[in-house]
Amino acid sequence: MAKKKVIKKSWAEPFKIKVVEPIKMTSRAHREKAAEEAGYNTFLLKSEDVYIDLLTDSGTNAMSDYQWAGMMLGDEAYAGSKNFYYLWDNVKKYYGMPYFVPTHQGRAAEHMISQILIRKGDYVPGNMYFTTTRLHQELAGATFVDVIIDQAHDPANEHPFKGNIDLKKLDKLVKKVGSKKIAYVSMAGPVNMAGGQPFSMKNLIEVHDYCKENKIKLWFDATRACENAFFIKEREKGYKEKSIAAILKEMCSYFDGLWVSAKKDLMVNIGGFLATRNKKVFEEARNMVVVYEGLHTYGGLAGRDMEAMARGIEEMVEYDNVRMRVKQVEYCGNELEKYGIPFVRPIGGHAIFLDAKKILSHLQQNQFPAQTLAAEIYIDSGVRGMERGIVSAGRDPETGDHRYPKLELVRLTFPRRVYTQAHIDVMVESIASVYEYRKKIKGLKMVYEPKYLRFFQGRFERL
Ligand code: F0G
C-alpha cells in the first residue's frame, strides 16, 4: 500500500476542554411542533429544543479558565471599580483609543454614537448595513446609504475583500448632498451581512484619506475586528509577518472612534463599549451613558463582566485563537461544497451564509426563502441558523414596502470555542439532506410583524 506523504497543514483547537454542557437530542416530531409554536422563527425557539446552536456568535462563546478566574475578582463597587480601569487600559493598549465608555452591549454604543453625531436630515454612508446599526442611525434622523463595492452583493464573487468601500459611490453621495450633511462614514469589518467579508488595509487608508480631505468623520464597527485583521494577514501583501495585535492597532489608527459588541471578538457573554480619540464625543457619551446604561465606570455591566472583557481582549489577539476560529468556518464551507450546496464566497470569518435564493429558487422572495430554509434545517436535525434576507432587511421607512435585498441568506454562525469538528460533520450532513429534498419545500407567510427589527419577533405560517 502506498504511504501517505506528510504535509503539516492541519490546525487544532489551542485549548483542551475542562467543562462540558450536555445537549438534548430531540425527535423530528418534537421539532416540527417546536417550529410551529415558534412561528417558524428560529429566534423564538427555546434553546433547550436546539441541538447545535448556530444562531449567532454573539455572547454564546466559551470563556477560558483565565476569564472565569477573573470573574471571581469582580470589584462590584458602584463607582470606579478596578475592573473598569483594567479594561480601559486594555482598550488603550490594543485598540489605541485614549477614551472609553463601557455599555451593556454593542447596540447601546450604537445608540449613543448615533445620537451624538447625527443631526436630522444627515446621511450615513456605510459598507453595507447591519440591522441594529442602521436602525439607530435612522432613529437619530439619518438616511443610511450603502457604499460597499458591488461585488459584495454577488454571493458567487470571489473578491478577497468584499467589505471594501467603493470610493466612487462615496464621492457621488458627498458631491450630491455636501460633506457637511455626512454625519460620519460607518465602516464595519468584517461585514456581517455581506457574509463576514473583510475590508483591506489599502481600502481603509484610501477611505481615511478621502474623509480627511473632505473633513468627514470615520467611525469603525470593530465588533469582529480581529477576524478582519486575520484576513489582512492572510490575504494582503505586506502583512504576513505582522501580528494580529499590530494589524488591529494599525486599523484602529485610521478611525476617529469605534464601537464594539464585546459579545464577539472578546469571547464574553455580555458587554460592549465605545472608544474614541475625540474628547468632546467622549464627554458627551460619558454623560449620556448615565441616562441609559449606568454610571460611566460600569455602563450596565457588573465588575466581573468588565474583568472577563479585559482578559478577553488579551486572548482575542492570539493568533492561534483567531486562526482556529476562522479555519473552523472554512472547514464547514469546504465540507458543504462537496455536496454542491451554494453559499456566499469567499468563506467568511464568523459564519457560513447559505444562498437560500439559489437553494429554494422555486420560491418568490416574498415567500421568505431564507426564513423557510432556516426553519427546515432546524426541523431536520435541530441545527439552528438565522434568516439574513428580506425579513432582516425590514421595510423602507419612506414607502413602507419590504426592502428586497439582493442577498437572501441563512447564516450558520459559529460560537467561539464551543463546537468540535464532529458537530460540524453532523450539521453538514443535515444540510445536505435538506438540500436533497429542497424542491418539496413550501414557503411561508408572515402573520405577525413587529415595528422594529422584525426578524427577532416576527411570526410565520406555512403556505
Ligand atoms: N455590529 C455588528 C457587526 C454586529 O454583528 C452586532 C450584533 C452589533 C453591532 C450589535 O451588537 O448585539 O451586542 O448589541 N450582532 C449579533 C449577530 C446580534 O448575531 O450578528 P449587540
# chains A, B, ... in the order shown; residues from 1 in each chain; ligands from 1
>>> residues_near_ligand(ligand="ligand 1", cutoff="9 Å", atoms="only C-alpha atoms and all ligand atoms", output="PyMOL selection string")
chain A and resi 55-59+104-110+129-133+188-193+221-224+259-264+270-272+386+413
>>> write_last_selection(atoms="N, CA, C and O atoms", output="compact mmCIF listing (two decimals), in the first residue's frame")
# COMPACT_ATOMS: atom_id res chain seq x y z
N LEU A 55 -27.19 29.97 15.82
CA LEU A 55 -27.98 31.19 15.64
C LEU A 55 -27.06 32.39 15.55
O LEU A 55 -27.23 33.27 14.72
N THR A 56 -26.10 32.44 16.43
CA THR A 56 -25.22 33.61 16.48
C THR A 56 -23.92 33.27 17.20
O THR A 56 -23.84 32.28 17.94
N ASP A 57 -22.93 34.11 16.98
CA ASP A 57 -21.67 34.02 17.73
C ASP A 57 -21.64 35.11 18.79
O ASP A 57 -20.59 35.48 19.29
N SER A 58 -22.81 35.66 19.08
CA SER A 58 -22.89 36.82 19.96
C SER A 58 -23.22 36.41 21.38
O SER A 58 -24.35 35.99 21.67
N GLY A 59 -22.24 36.50 22.26
CA GLY A 59 -22.46 36.17 23.66
C GLY A 59 -22.57 34.67 23.91
O GLY A 59 -22.88 34.24 25.02
N HIS A 104 -23.68 48.01 27.98
CA HIS A 104 -24.05 46.60 28.26
C HIS A 104 -23.92 45.74 27.02
O HIS A 104 -23.71 44.54 27.12
N GLN A 105 -24.08 46.30 25.83
CA GLN A 105 -23.74 45.57 24.60
C GLN A 105 -23.55 46.56 23.46
O GLN A 105 -23.63 47.77 23.66
N GLY A 106 -23.30 46.04 22.26
CA GLY A 106 -22.92 46.90 21.15
C GLY A 106 -23.95 47.95 20.77
O GLY A 106 -23.62 49.11 20.53
N ARG A 107 -25.22 47.56 20.73
CA ARG A 107 -26.24 48.49 20.24
C ARG A 107 -26.42 49.70 21.14
O ARG A 107 -26.88 50.75 20.69
N ALA A 108 -26.06 49.57 22.41
CA ALA A 108 -26.14 50.72 23.31
C ALA A 108 -25.09 51.75 22.89
O ALA A 108 -25.34 52.97 22.92
N ALA A 109 -23.94 51.28 22.47
CA ALA A 109 -22.89 52.18 21.97
C ALA A 109 -23.33 52.78 20.63
O ALA A 109 -23.11 53.97 20.36
N GLU A 110 -24.00 51.97 19.80
CA GLU A 110 -24.52 52.48 18.51
C GLU A 110 -25.55 53.57 18.75
O GLU A 110 -25.58 54.58 18.04
N TYR A 129 -25.28 47.53 5.44
CA TYR A 129 -25.88 47.88 6.72
C TYR A 129 -25.71 46.74 7.71
O TYR A 129 -25.54 45.60 7.33
N PHE A 130 -25.76 47.03 9.00
CA PHE A 130 -26.10 46.00 9.97
C PHE A 130 -27.41 46.41 10.61
O PHE A 130 -27.66 47.60 10.80
N THR A 131 -28.24 45.43 10.96
CA THR A 131 -29.62 45.69 11.41
C THR A 131 -29.70 46.75 12.52
O THR A 131 -30.34 47.79 12.34
N THR A 132 -29.02 46.50 13.64
CA THR A 132 -29.15 47.43 14.78
C THR A 132 -28.43 48.75 14.48
O THR A 132 -28.90 49.81 14.86
N THR A 133 -27.30 48.65 13.77
CA THR A 133 -26.52 49.86 13.46
C THR A 133 -27.36 50.83 12.64
O THR A 133 -27.50 52.01 12.98
N ALA A 188 -17.57 48.82 8.85
CA ALA A 188 -17.50 47.62 9.67
C ALA A 188 -16.52 46.64 9.04
O ALA A 188 -16.35 46.63 7.82
N GLY A 189 -15.90 45.83 9.85
CA GLY A 189 -15.03 44.82 9.28
C GLY A 189 -14.83 43.68 10.25
O GLY A 189 -14.52 43.94 11.41
N PRO A 190 -15.05 42.43 9.78
CA PRO A 190 -15.67 42.06 8.52
C PRO A 190 -17.15 42.47 8.48
O PRO A 190 -17.74 42.73 9.53
N VAL A 191 -17.71 42.50 7.27
CA VAL A 191 -19.09 42.93 7.11
C VAL A 191 -20.02 41.73 7.32
O VAL A 191 -20.04 40.80 6.53
N ASN A 192 -20.75 41.80 8.42
CA ASN A 192 -21.62 40.71 8.83
C ASN A 192 -22.60 40.32 7.72
O ASN A 192 -22.62 39.17 7.27
N MET A 193 -23.40 41.29 7.24
CA MET A 193 -24.48 40.98 6.30
C MET A 193 -23.97 40.60 4.91
O MET A 193 -24.73 40.07 4.10
N ASP A 221 -17.12 50.04 13.24
CA ASP A 221 -17.78 48.98 13.97
C ASP A 221 -16.75 47.86 14.10
O ASP A 221 -16.57 47.05 13.19
N ALA A 222 -16.05 47.85 15.23
CA ALA A 222 -14.91 46.94 15.43
C ALA A 222 -15.31 45.65 16.14
O ALA A 222 -14.48 44.98 16.76
N THR A 223 -16.59 45.30 16.02
CA THR A 223 -17.12 44.13 16.70
C THR A 223 -16.34 42.83 16.44
O THR A 223 -16.12 42.05 17.35
N ARG A 224 -15.93 42.60 15.19
CA ARG A 224 -15.16 41.40 14.86
C ARG A 224 -13.82 41.78 14.21
O ARG A 224 -13.34 41.12 13.29
N TRP A 259 -17.02 51.48 17.92
CA TRP A 259 -17.87 50.81 18.90
C TRP A 259 -17.71 49.31 18.72
O TRP A 259 -17.36 48.84 17.64
N VAL A 260 -17.95 48.60 19.81
CA VAL A 260 -17.71 47.16 19.82
C VAL A 260 -18.84 46.46 20.57
O VAL A 260 -19.24 46.90 21.64
N SER A 261 -19.33 45.39 19.97
CA SER A 261 -20.13 44.44 20.72
C SER A 261 -19.13 43.42 21.24
O SER A 261 -18.61 42.60 20.48
N ALA A 262 -18.84 43.47 22.53
CA ALA A 262 -17.80 42.60 23.11
C ALA A 262 -18.21 41.14 23.11
O ALA A 262 -17.41 40.25 23.41
N LYS A 263 -19.48 40.89 22.75
CA LYS A 263 -20.01 39.52 22.75
C LYS A 263 -19.44 38.67 21.63
O LYS A 263 -19.77 37.51 21.51
N LYS A 264 -18.60 39.28 20.78
CA LYS A 264 -17.99 38.52 19.69
C LYS A 264 -16.49 38.32 19.95
O LYS A 264 -16.11 37.44 20.69
N ILE A 270 -21.55 38.93 27.68
CA ILE A 270 -22.24 40.22 27.62
C ILE A 270 -21.20 41.34 27.65
O ILE A 270 -20.14 41.17 28.23
N GLY A 271 -21.54 42.47 27.03
CA GLY A 271 -20.64 43.63 27.10
C GLY A 271 -20.51 44.35 25.78
O GLY A 271 -20.80 43.80 24.71
N GLY A 272 -20.09 45.59 25.87
CA GLY A 272 -19.84 46.41 24.69
C GLY A 272 -19.13 47.67 25.13
O GLY A 272 -18.93 47.89 26.34
N MET A 386 -30.03 31.30 11.19
CA MET A 386 -30.82 32.54 11.24
C MET A 386 -31.03 33.12 9.84
O MET A 386 -30.15 33.03 8.99
N THR A 413 -23.78 30.48 12.20
CA THR A 413 -22.73 31.25 12.86
C THR A 413 -22.05 30.42 13.94
O THR A 413 -22.73 29.75 14.72
>>> select_by_dssp(residues="range 25-207 of chain A", states="helix (DSSP H, G or I)", output="PyMOL selection string")
chain A and resi 28-37+42-44+47-49+65-71+82-95+106-117+131-139+150-153+167-177+179-181+201-207
>>> residues_around(residues="range 160-175 of chain A", least_positions_apart="2", cutoff="6 Å", atoms="only C-alpha atoms", output="PDB file with N, CA and C atoms, in the first residue's frame")
ATOM      1  N   ASN A 127     -20.363  50.502   4.688  1.00  0.00           N
ATOM      2  CA  ASN A 127     -20.110  49.307   3.860  1.00  0.00           C
ATOM      3  C   ASN A 127     -21.144  48.241   4.215  1.00  0.00           C
ATOM      4  N   VAL A 147     -22.499  52.011   0.530  1.00  0.00           N
ATOM      5  CA  VAL A 147     -21.429  52.357  -0.425  1.00  0.00           C
ATOM      6  C   VAL A 147     -20.396  51.226  -0.521  1.00  0.00           C
ATOM      7  N   ILE A 148     -20.840  50.024  -0.241  1.00  0.00           N
ATOM      8  CA  ILE A 148     -19.923  48.884  -0.366  1.00  0.00           C
ATOM      9  C   ILE A 148     -19.700  48.591  -1.856  1.00  0.00           C
ATOM     10  N   ILE A 149     -18.594  47.931  -2.180  1.00  0.00           N
ATOM     11  CA  ILE A 149     -18.347  47.590  -3.592  1.00  0.00           C
ATOM     12  C   ILE A 149     -19.431  46.627  -4.100  1.00  0.00           C
ATOM     13  N   ALA A 152     -19.846  42.787  -3.340  1.00  0.00           N
ATOM     14  CA  ALA A 152     -20.371  42.295  -2.054  1.00  0.00           C
ATOM     15  C   ALA A 152     -21.809  41.799  -2.176  1.00  0.00           C
ATOM     16  N   VAL A 177     -24.907  65.535  -1.694  1.00  0.00           N
ATOM     17  CA  VAL A 177     -25.529  66.152  -0.509  1.00  0.00           C
ATOM     18  C   VAL A 177     -24.603  67.143   0.208  1.00  0.00           C
ATOM     19  N   GLY A 178     -23.313  67.124  -0.126  1.00  0.00           N
ATOM     20  CA  GLY A 178     -22.348  68.012   0.540  1.00  0.00           C
ATOM     21  C   GLY A 178     -21.764  67.349   1.781  1.00  0.00           C
ATOM     22  N   SER A 179     -20.477  67.570   2.018  1.00  0.00           N
ATOM     23  CA  SER A 179     -19.810  66.842   3.107  1.00  0.00           C
ATOM     24  C   SER A 179     -20.360  67.223   4.484  1.00  0.00           C
ATOM     25  N   VAL A 191     -17.707  42.502   7.273  1.00  0.00           N
ATOM     26  CA  VAL A 191     -19.095  42.934   7.110  1.00  0.00           C
ATOM     27  C   VAL A 191     -20.018  41.732   7.324  1.00  0.00           C
ATOM     28  N   GLN A 197     -17.336  39.319   5.369  1.00  0.00           N
ATOM     29  CA  GLN A 197     -16.287  39.688   4.398  1.00  0.00           C
ATOM     30  C   GLN A 197     -15.458  40.882   4.889  1.00  0.00           C
ATOM     31  N   PRO A 198     -14.131  40.784   4.807  1.00  0.00           N
ATOM     32  CA  PRO A 198     -13.264  41.841   5.343  1.00  0.00           C
ATOM     33  C   PRO A 198     -13.054  43.005   4.375  1.00  0.00           C
ATOM     34  N   PHE A 199     -12.571  44.122   4.932  1.00  0.00           N
ATOM     35  CA  PHE A 199     -12.016  45.184   4.082  1.00  0.00           C
ATOM     36  C   PHE A 199     -10.501  45.077   4.124  1.00  0.00           C
ATOM     37  N   SER A 200      -9.835  45.650   3.134  1.00  0.00           N
ATOM     38  CA  SER A 200      -8.369  45.612   3.114  1.00  0.00           C
ATOM     39  C   SER A 200      -7.819  46.865   3.783  1.00  0.00           C
TER      40      SER A 200
END
>>> select_by_dssp(residues="range 99-321 of chain A", states="strand (DSSP E)", output="PDB file with N, CA and C atoms, in the first residue's frame")
ATOM      1  N   TYR A  99      -9.914  57.296  24.879  1.00  0.00           N
ATOM      2  CA  TYR A  99     -11.148  57.467  25.674  1.00  0.00           C
ATOM      3  C   TYR A  99     -12.080  56.287  25.481  1.00  0.00           C
ATOM      4  N   PHE A 100     -12.812  55.973  26.545  1.00  0.00           N
ATOM      5  CA  PHE A 100     -13.585  54.733  26.542  1.00  0.00           C
ATOM      6  C   PHE A 100     -14.806  54.841  27.446  1.00  0.00           C
ATOM      7  N   VAL A 101     -15.943  54.330  26.955  1.00  0.00           N
ATOM      8  CA  VAL A 101     -17.168  54.267  27.761  1.00  0.00           C
ATOM      9  C   VAL A 101     -17.756  52.861  27.623  1.00  0.00           C
ATOM     10  N   PRO A 102     -17.913  52.131  28.734  1.00  0.00           N
ATOM     11  CA  PRO A 102     -18.498  50.785  28.627  1.00  0.00           C
ATOM     12  C   PRO A 102     -20.012  50.852  28.448  1.00  0.00           C
ATOM     13  N   THR A 103     -20.561  49.849  27.773  1.00  0.00           N
ATOM     14  CA  THR A 103     -22.015  49.732  27.612  1.00  0.00           C
ATOM     15  C   THR A 103     -22.394  48.262  27.809  1.00  0.00           C
ATOM     16  N   TYR A 123     -26.767  62.170   6.409  1.00  0.00           N
ATOM     17  CA  TYR A 123     -26.574  60.875   5.741  1.00  0.00           C
ATOM     18  C   TYR A 123     -25.450  60.108   6.428  1.00  0.00           C
ATOM     19  N   VAL A 124     -25.597  58.797   6.471  1.00  0.00           N
ATOM     20  CA  VAL A 124     -24.512  57.957   6.973  1.00  0.00           C
ATOM     21  C   VAL A 124     -24.196  56.900   5.914  1.00  0.00           C
ATOM     22  N   PRO A 125     -23.091  57.081   5.180  1.00  0.00           N
ATOM     23  CA  PRO A 125     -22.679  56.031   4.250  1.00  0.00           C
ATOM     24  C   PRO A 125     -21.972  54.916   5.004  1.00  0.00           C
ATOM     25  N   GLY A 126     -22.178  53.682   4.543  1.00  0.00           N
ATOM     26  CA  GLY A 126     -21.541  52.560   5.224  1.00  0.00           C
ATOM     27  C   GLY A 126     -21.288  51.401   4.276  1.00  0.00           C
ATOM     28  N   THR A 143     -30.269  59.172   7.011  1.00  0.00           N
ATOM     29  CA  THR A 143     -30.543  58.208   5.954  1.00  0.00           C
ATOM     30  C   THR A 143     -29.266  57.411   5.745  1.00  0.00           C
ATOM     31  N   PHE A 144     -29.384  56.086   5.807  1.00  0.00           N
ATOM     32  CA  PHE A 144     -28.226  55.232   5.573  1.00  0.00           C
ATOM     33  C   PHE A 144     -28.055  55.023   4.070  1.00  0.00           C
ATOM     34  N   VAL A 145     -26.811  55.110   3.575  1.00  0.00           N
ATOM     35  CA  VAL A 145     -26.547  54.853   2.156  1.00  0.00           C
ATOM     36  C   VAL A 145     -25.452  53.792   2.051  1.00  0.00           C
ATOM     37  N   ASP A 146     -25.770  52.715   1.332  1.00  0.00           N
ATOM     38  CA  ASP A 146     -24.820  51.609   1.176  1.00  0.00           C
ATOM     39  C   ASP A 146     -23.766  51.973   0.125  1.00  0.00           C
ATOM     40  N   VAL A 185     -18.764  58.406   8.243  1.00  0.00           N
ATOM     41  CA  VAL A 185     -18.750  57.169   7.458  1.00  0.00           C
ATOM     42  C   VAL A 185     -18.673  56.016   8.450  1.00  0.00           C
ATOM     43  N   SER A 186     -19.554  55.046   8.261  1.00  0.00           N
ATOM     44  CA  SER A 186     -19.679  53.917   9.182  1.00  0.00           C
ATOM     45  C   SER A 186     -19.083  52.680   8.515  1.00  0.00           C
ATOM     46  N   MET A 187     -17.937  52.256   9.022  1.00  0.00           N
ATOM     47  CA  MET A 187     -17.225  51.162   8.352  1.00  0.00           C
ATOM     48  C   MET A 187     -17.106  49.972   9.310  1.00  0.00           C
ATOM     49  N   ALA A 188     -17.573  48.823   8.847  1.00  0.00           N
ATOM     50  CA  ALA A 188     -17.501  47.618   9.674  1.00  0.00           C
ATOM     51  C   ALA A 188     -16.525  46.640   9.035  1.00  0.00           C
ATOM     52  N   LEU A 218     -14.738  59.358  10.434  1.00  0.00           N
ATOM     53  CA  LEU A 218     -14.720  57.943  10.059  1.00  0.00           C
ATOM     54  C   LEU A 218     -14.799  57.096  11.328  1.00  0.00           C
ATOM     55  N   TRP A 219     -15.881  56.333  11.440  1.00  0.00           N
ATOM     56  CA  TRP A 219     -16.103  55.503  12.638  1.00  0.00           C
ATOM     57  C   TRP A 219     -16.147  54.026  12.270  1.00  0.00           C
ATOM     58  N   PHE A 220     -15.727  53.223  13.224  1.00  0.00           N
ATOM     59  CA  PHE A 220     -15.460  51.810  12.993  1.00  0.00           C
ATOM     60  C   PHE A 220     -16.358  50.925  13.867  1.00  0.00           C
ATOM     61  N   ASP A 221     -17.120  50.044  13.236  1.00  0.00           N
ATOM     62  CA  ASP A 221     -17.781  48.976  13.969  1.00  0.00           C
ATOM     63  C   ASP A 221     -16.748  47.857  14.097  1.00  0.00           C
ATOM     64  N   GLY A 257     -13.055  56.951  15.925  1.00  0.00           N
ATOM     65  CA  GLY A 257     -13.571  56.248  17.082  1.00  0.00           C
ATOM     66  C   GLY A 257     -14.187  54.942  16.640  1.00  0.00           C
ATOM     67  N   LEU A 258     -14.609  54.167  17.606  1.00  0.00           N
ATOM     68  CA  LEU A 258     -15.171  52.859  17.270  1.00  0.00           C
ATOM     69  C   LEU A 258     -16.177  52.430  18.324  1.00  0.00           C
ATOM     70  N   TRP A 259     -17.016  51.477  17.925  1.00  0.00           N
ATOM     71  CA  TRP A 259     -17.874  50.812  18.896  1.00  0.00           C
ATOM     72  C   TRP A 259     -17.713  49.313  18.717  1.00  0.00           C
ATOM     73  N   VAL A 260     -17.952  48.602  19.809  1.00  0.00           N
ATOM     74  CA  VAL A 260     -17.713  47.165  19.818  1.00  0.00           C
ATOM     75  C   VAL A 260     -18.842  46.456  20.567  1.00  0.00           C
ATOM     76  N   SER A 261     -19.333  45.393  19.966  1.00  0.00           N
ATOM     77  CA  SER A 261     -20.133  44.441  20.720  1.00  0.00           C
ATOM     78  C   SER A 261     -19.131  43.419  21.237  1.00  0.00           C
ATOM     79  N   GLY A 272     -20.088  45.588  25.872  1.00  0.00           N
ATOM     80  CA  GLY A 272     -19.838  46.410  24.693  1.00  0.00           C
ATOM     81  C   GLY A 272     -19.125  47.671  25.127  1.00  0.00           C
ATOM     82  N   PHE A 273     -18.708  48.481  24.181  1.00  0.00           N
ATOM     83  CA  PHE A 273     -18.116  49.772  24.544  1.00  0.00           C
ATOM     84  C   PHE A 273     -17.993  50.687  23.341  1.00  0.00           C
ATOM     85  N   LEU A 274     -17.759  51.952  23.690  1.00  0.00           N
ATOM     86  CA  LEU A 274     -17.468  52.957  22.698  1.00  0.00           C
ATOM     87  C   LEU A 274     -16.085  53.492  23.048  1.00  0.00           C
ATOM     88  N   ALA A 275     -15.241  53.707  22.053  1.00  0.00           N
ATOM     89  CA  ALA A 275     -13.904  54.251  22.324  1.00  0.00           C
ATOM     90  C   ALA A 275     -13.566  55.257  21.234  1.00  0.00           C
ATOM     91  N   THR A 276     -12.861  56.297  21.608  1.00  0.00           N
ATOM     92  CA  THR A 276     -12.584  57.351  20.629  1.00  0.00           C
ATOM     93  C   THR A 276     -11.326  58.130  20.993  1.00  0.00           C
TER      94      THR A 276
END
>>> closest_residue(among="A:Ala308, A:Lys46, A:Lys240, A:Asp209", to="Asn269 in chain A", atoms="only C-alpha atoms")
A:Ala308
>>> residues_around(residues="Ser114 in chain A", least_positions_apart="3", cutoff="7 Å", atoms="only C-alpha atoms", output="mmCIF file with N, CA and C atoms, in the first residue's frame")
data_model
loop_
_atom_site.group_PDB
_atom_site.id
_atom_site.type_symbol
_atom_site.label_atom_id
_atom_site.label_comp_id
_atom_site.auth_asym_id
_atom_site.auth_seq_id
_atom_site.Cartn_x
_atom_site.Cartn_y
_atom_site.Cartn_z
ATOM 1 N N GLU A 110 -24.003 51.968 19.797
ATOM 2 C CA GLU A 110 -24.520 52.479 18.512
ATOM 3 C C GLU A 110 -25.553 53.575 18.749
ATOM 4 N N HIS A 111 -26.392 53.357 19.740
ATOM 5 C CA HIS A 111 -27.408 54.350 20.080
ATOM 6 C C HIS A 111 -26.726 55.674 20.448
ATOM 7 N N LEU A 117 -23.595 62.101 16.991
ATOM 8 C CA LEU A 117 -23.020 62.616 15.733
ATOM 9 C C LEU A 117 -24.048 62.990 14.662
ATOM 10 N N ILE A 118 -25.270 62.471 14.787
ATOM 11 C CA ILE A 118 -26.242 62.678 13.694
ATOM 12 C C ILE A 118 -27.198 63.833 13.996
ATOM 13 N N HIS A 136 -30.392 52.446 14.537
ATOM 14 C CA HIS A 136 -30.041 53.572 15.418
ATOM 15 C C HIS A 136 -29.690 54.818 14.614
ATOM 16 N N GLN A 137 -29.082 54.627 13.460
ATOM 17 C CA GLN A 137 -28.779 55.779 12.605
ATOM 18 C C GLN A 137 -30.080 56.414 12.108
ATOM 19 N N ALA A 140 -32.000 58.268 14.783
ATOM 20 C CA ALA A 140 -31.395 59.571 15.088
ATOM 21 C C ALA A 140 -31.664 60.584 13.963
#
>>> closest_atom_pairs(of="range 65-110 of chain A", to="range 289-305 of chain A", cutoff="7 Å", atoms="only C-alpha atoms", output="CSV")
residue,atom,partner,partner_atom,distance
A:Gly70,CA,A:Arg304,CA,6.9
A:Met71,CA,A:Arg304,CA,4.5
A:Met72,CA,A:Arg304,CA,6.8
A:Leu73,CA,A:Arg304,CA,6.5
A:Gly74,CA,A:Arg304,CA,3.8
A:Asp75,CA,A:Gly303,CA,5.1
A:Glu76,CA,A:Gly303,CA,5.1
A:Ala79,CA,A:Thr297,CA,6.0
A:Gly80,CA,A:Thr297,CA,5.6
A:Ser81,CA,A:Gly303,CA,6.6
A:Asn83,CA,A:Gly303,CA,5.7
A:Phe84,CA,A:Thr297,CA,6.0
A:Val101,CA,A:His296,CA,6.2
A:Pro102,CA,A:Gly299,CA,4.8
A:Thr103,CA,A:Gly299,CA,4.4
A:His104,CA,A:Gly300,CA,4.8
>>> write_last_selection(atoms="C-alpha atoms", output="JSON list (two decimals), in the first residue's frame")
[["chain", "number", "residue", "atom", "x", "y", "z"],
["A", 70, "GLY", "CA", -11.23, 36.83, 36.56],
["A", 71, "MET", "CA", -14.97, 36.69, 37.21],
["A", 72, "MET", "CA", -14.19, 35.96, 40.87],
["A", 73, "LEU", "CA", -12.19, 39.17, 41.02],
["A", 74, "GLY", "CA", -15.16, 41.38, 40.20],
["A", 75, "ASP", "CA", -14.97, 44.63, 42.12],
["A", 76, "GLU", "CA", -18.68, 45.37, 42.40],
["A", 79, "ALA", "CA", -18.18, 53.74, 41.07],
["A", 80, "GLY", "CA", -14.58, 53.39, 39.93],
["A", 81, "SER", "CA", -14.13, 49.61, 40.13],
["A", 83, "ASN", "CA", -12.03, 46.09, 36.62],
["A", 84, "PHE", "CA", -13.15, 49.22, 34.79],
["A", 101, "VAL", "CA", -17.17, 54.27, 27.76],
["A", 102, "PRO", "CA", -18.50, 50.79, 28.63],
["A", 103, "THR", "CA", -22.02, 49.73, 27.61],
["A", 104, "HIS", "CA", -24.05, 46.60, 28.26]]
>>> closest_atom_pairs(of="range 409-459 of chain A", to="range 344-361 of chain A", cutoff="10 Å", atoms="only C-alpha atoms", output="JSON lines")
{"residue": "A:Leu409", "atom": "CA", "partner": "A:Asp355", "partner_atom": "CA", "distance": 5.0}
{"residue": "A:Val410", "atom": "CA", "partner": "A:Leu354", "partner_atom": "CA", "distance": 5.0}
{"residue": "A:Arg411", "atom": "CA", "partner": "A:Phe353", "partner_atom": "CA", "distance": 4.5}
{"residue": "A:Leu412", "atom": "CA", "partner": "A:Ile352", "partner_atom": "CA", "distance": 5.2}
{"residue": "A:Thr413", "atom": "CA", "partner": "A:Ala351", "partner_atom": "CA", "distance": 4.2}
{"residue": "A:Phe414", "atom": "CA", "partner": "A:Ala351", "partner_atom": "CA", "distance": 5.9}
{"residue": "A:Pro415", "atom": "CA", "partner": "A:His350", "partner_atom": "CA", "distance": 8.1}
{"residue": "A:Arg416", "atom": "CA", "partner": "A:His350", "partner_atom": "CA", "distance": 8.8}
{"residue": "A:Ile431", "atom": "CA", "partner": "A:Leu354", "partner_atom": "CA", "distance": 9.7}
{"residue": "A:Val434", "atom": "CA", "partner": "A:Ile359", "partner_atom": "CA", "distance": 9.7}
{"residue": "A:Tyr435", "atom": "CA", "partner": "A:Ile359", "partner_atom": "CA", "distance": 7.1}
{"residue": "A:Glu436", "atom": "CA", "partner": "A:Ile359", "partner_atom": "CA", "distance": 9.9}
{"residue": "A:Arg438", "atom": "CA", "partner": "A:Leu360", "partner_atom": "CA", "distance": 6.4}
{"residue": "A:Lys439", "atom": "CA", "partner": "A:Leu360", "partner_atom": "CA", "distance": 7.0}
{"residue": "A:Lys440", "atom": "CA", "partner": "A:Leu360", "partner_atom": "CA", "distance": 9.5}
{"residue": "A:Ile441", "atom": "CA", "partner": "A:Leu360", "partner_atom": "CA", "distance": 7.7}
{"residue": "A:Lys442", "atom": "CA", "partner": "A:Leu360", "partner_atom": "CA", "distance": 8.9}
{"residue": "A:Gly443", "atom": "CA", "partner": "A:Leu360", "partner_atom": "CA", "distance": 8.9}
>>> write_last_selection(atoms="C-alpha atoms", output="compact mmCIF listing (two decimals), in the first residue's frame")
# COMPACT_ATOMS: atom_id res chain seq x y z
CA LEU A 409 -29.22 34.03 3.12
CA VAL A 410 -29.31 31.63 6.04
CA ARG A 411 -26.48 32.32 8.43
CA LEU A 412 -24.83 29.46 10.30
CA THR A 413 -22.73 31.25 12.86
CA PHE A 414 -20.00 29.64 14.92
CA PRO A 415 -19.72 30.46 18.61
CA ARG A 416 -16.04 30.65 19.56
CA ILE A 431 -28.00 20.49 5.47
CA VAL A 434 -32.43 19.19 3.28
CA TYR A 435 -30.70 20.20 0.06
CA GLU A 436 -31.70 16.85 -1.46
CA ARG A 438 -35.35 21.16 -1.38
CA LYS A 439 -37.83 21.12 -4.29
CA LYS A 440 -40.57 19.79 -1.98
CA ILE A 441 -40.19 22.69 0.48
CA LYS A 442 -43.02 25.25 0.51
CA GLY A 443 -42.65 28.90 1.56
>>> closest_residue(among="A:Asn334, A:Tyr319, A:Leu266, A:Met201", to="Glu236 in chain A", atoms="only C-alpha atoms")
A:Met201
>>> residues_around(residues="Ala393 in chain A", least_positions_apart="3", cutoff="7 Å", atoms="only C-alpha atoms", output="compact mmCIF listing (two decimals) with N, CA, C and O atoms, in the first residue's frame")
# COMPACT_ATOMS: atom_id res chain seq x y z
N GLY A 389 -32.12 37.98 5.22
CA GLY A 389 -32.64 38.29 3.89
C GLY A 389 -33.72 39.33 4.01
O GLY A 389 -33.58 40.30 4.76
N ILE A 390 -34.84 39.09 3.34
CA ILE A 390 -35.90 40.10 3.26
C ILE A 390 -36.51 40.42 4.63
O ILE A 390 -36.89 41.56 4.88
N ARG A 403 -38.08 45.93 1.95
CA ARG A 403 -36.86 46.11 1.18
C ARG A 403 -36.54 44.74 0.58
O ARG A 403 -36.65 43.73 1.28
N PRO A 405 -33.57 42.84 -0.50
CA PRO A 405 -32.10 42.79 -0.63
C PRO A 405 -31.70 41.74 -1.68
O PRO A 405 -32.42 40.77 -1.89
